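Worksheet: the structure to be examined is printed underneath.
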Amino acid sequence: MNASFLRLACLALGFLAALSAHALPQEAAVPGGVALVRLGSGAGRPQAWFGERRVAVVRDAKGWVALVGLPLALAPGEHALRVVSDGGEGSKTLRVAAKQYPLQRFSVPDHRKVEPPPEDMLRIEREQKRIDEIKSAFRDAPDIDTAFRQPAAGRLTGRFGLRRIINGLERMPHAGIDVAVPVGTPVHAAGSGVVVEAGDYFFNGNSVYIDHGQGLVTLYCHLDRIEVLPGEPVAAGQRIGLSGNTGRTSGPHLHWTVLLNGAAVDPRLFLPRTKR
């Protein structure tokens with residue numbers, strides 16, 4: 001085998017590696033962000049846990065990378081990531097910086113969706129249990145699609161992480177971003193995956209959850225119509241429904257959430273930089 005052939009072979013292998021390199025989300029090591037932790041370049045895929053939650057591990061051109069979703073309530077400072085690989089068990093240190101999210105005040109016409117009466121609480125508790133099940137699930141897919149597409153054509157509004165005062169009452173921070181679209185706008189899957197839930201929820205209205213594998217899940221809320229069923233595989237960009245004004249809203253829009261190892265993180269980190 002001559003040197004020219006070897007050089008061509010190496011170039012071809014490098015080209016193939018570049019093609020298969022994983023498109024990583026943008027890193028933001030803050031509460032509500034994503035930490036990217038390098039785990040080496042061994043042949044076997046390492047496994048990693050942040051607290052009790054297993055985290056996604058993907059491979060790019062430089063090796064294995066853990067994608068760690070950082071909860072909005074996480075305290076700034078140093079945190080440990082437990083790692084198990086061919087070389088044994090160890091840990092990596094994450095350094096999480098502080099971030100102050102802005103305050104938002106707005107009103108919702110249906111005050112019952114802000115202060116639910118006792119007769120609604122059983123439904124809300126039942127739905128929350130199902131949401132917790134979805135957030136804690138880990139489907140061990142060999143690879144995951146993290147190069148997301150914006151799920152509807154519209155202006156991005158309602159920034160992630162906003163501390164919210166609704167009808168004068170303090171409520172949970174905004175766990176996603178909003179797309180300003182009128183009722184009936186087509187909504188598409190941000191990436192390929194499997195529908196794990198599709199139905200009407202008290203606060204979220206008509207909603208679709210898509211499991212993209214390895215603890216990465218997307219949620220599409222306030223839909224006017226759902227066009228997929230639980231258990232159905234979907235391709236990136238596939239239409240899953242029409243936007244609406246159902247659930248707790250102040251007007252028509254699409255609410256889009258990204259969950260990573262159970263933590264709601266800023267969806268803009270998964271979009272092309274021109275969309276952020």
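Here's how to read the names in the structure tokens: chain A, B, ... by the order shown, residue numbers from 1 in each chain, ligand numbers from 1 in the order shown.
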
Spatial neighbours of Pro230 in chain A, max dist 9 Å, only C-alpha atoms, sep filter under 2 positions, as a ChimeraX atom specification: /A:194-198,208-210,228,232-233

Got time to write the residues from that selection, C-alpha atoms, as a compact mmCIF listing (two decimals), in the first residue's frame?
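Ended up saving to selection_5.txt:
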```txt
# COMPACT_ATOMS: atom_id res chain seq x y z
CA VAL A 194 -41.56 8.97 19.10
CA VAL A 195 -44.79 10.54 20.37
CA VAL A 196 -45.20 9.51 24.02
CA GLU A 197 -48.23 11.62 24.91
CA ALA A 198 -50.92 13.52 23.03
CA VAL A 208 -47.89 16.65 22.28
CA TYR A 209 -44.78 15.18 23.90
CA ILE A 210 -42.07 13.74 21.61
CA VAL A 228 -50.45 12.34 15.92
CA GLU A 232 -46.26 7.01 16.59
CA PRO A 233 -42.75 7.65 15.23
```

All strand (DSSP E or B) residues (DSSP, backbone) inside range 119-241 of chain A, as a VMD selection string: chain A and resid 155 to 157 163 to 166 169 to 171 177 to 180 186 to 188 193 to 201 205 to 213 216 to 226 233 to 234 239 to 241

Best match for closeness to Pro252 in chain A among A:Val108, A:Ala43, A:Leu122, A:Leu24, counting only C-alpha atoms: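 Looking at the shortest contact to Pro252 in chain A, the residue is A:Val108.
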
Atomic distance CA of Phe148 in chain A - CA of Gly51 in chain A, expressed in Å with one decimal: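 Computing the Euclidean distance for CA of Phe148 in chain A and CA of Gly51 in chain A yields 26.2 Å.
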
Distance query Thr257 in chain A at most 10 Å, only C-alpha atoms, self and fewer than 4 positions along chain excluded, as an NGL selection string: :A and (160 or 174-178 or 209 or 217-221 or 264-267)

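With only C-alpha atoms as the atoms that count, the minimum distance from Ile166 in chain A to the choices A:Ser91, A:Gln47, A:Gln104, A:Gln214 is reached by A:Gln104.
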
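When CA of Glu115 in chain A is paired with CA of Asp200 in chain A, their separation reads 18.6 Å.
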
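Among the candidate residues A:Gln100, A:Arg45, A:Lys113, A:Leu254, the one lying nearest to Arg155 in chain A is A:Leu254, with distances computed using only C-alpha atoms.
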
Spatial neighbours of range 180-185 of chain A, 8 Å, only C-alpha atoms, chain gap at least 5 places, as a list in words: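 Final neighbour list, sorted by chain and number: Ala152, Ala153, Gly154, Arg155, Leu156, Thr157, Asp224, Leu242, Ser243, Gly244, Asn245, Pro252, His253 and Leu254 of chain A.
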
Using only N, CA and C atoms, please write the residues we just selected to a file, as a short mmCIF file (atom, residue, chain, number, x, y, z; two decimals), in the first residue's frame.
```cif
data_model
loop_
_atom_site.label_atom_id
_atom_site.label_comp_id
_atom_site.auth_asym_id
_atom_site.auth_seq_id
_atom_site.Cartn_x
_atom_site.Cartn_y
_atom_site.Cartn_z
N ALA A 152 -42.71 26.06 14.43
CA ALA A 152 -43.74 26.80 13.69
C ALA A 152 -43.11 28.08 13.16
N ALA A 153 -43.63 28.54 12.03
CA ALA A 153 -43.09 29.75 11.40
C ALA A 153 -43.70 30.97 12.06
N GLY A 154 -42.93 31.64 12.89
CA GLY A 154 -43.42 32.82 13.58
C GLY A 154 -42.32 33.45 14.40
N ARG A 155 -42.62 34.59 14.99
CA ARG A 155 -41.66 35.32 15.82
C ARG A 155 -41.54 34.65 17.18
N LEU A 156 -40.29 34.47 17.64
CA LEU A 156 -40.06 33.89 18.96
C LEU A 156 -40.31 34.96 20.03
N THR A 157 -41.20 34.63 20.98
CA THR A 157 -41.54 35.56 22.05
C THR A 157 -41.51 34.81 23.37
N ASP A 224 -54.61 23.78 18.76
CA ASP A 224 -56.02 23.73 18.39
C ASP A 224 -56.41 22.32 17.94
N LEU A 242 -52.01 21.70 14.75
CA LEU A 242 -52.21 23.11 14.43
C LEU A 242 -52.18 23.91 15.72
N SER A 243 -51.58 25.08 15.67
CA SER A 243 -51.48 25.93 16.86
C SER A 243 -52.85 26.44 17.27
N GLY A 244 -52.96 26.81 18.56
CA GLY A 244 -54.26 27.23 19.04
C GLY A 244 -54.19 28.17 20.22
N ASN A 245 -55.22 28.09 21.08
CA ASN A 245 -55.36 28.98 22.22
C ASN A 245 -56.00 28.22 23.38
N PRO A 252 -53.60 33.49 21.40
CA PRO A 252 -53.10 32.40 20.55
C PRO A 252 -51.58 32.41 20.43
N HIS A 253 -50.96 31.25 20.57
CA HIS A 253 -49.53 31.09 20.35
C HIS A 253 -49.17 29.62 20.50
N LEU A 254 -47.96 29.26 20.12
CA LEU A 254 -47.40 27.93 20.39
C LEU A 254 -46.38 28.06 21.51
#
```
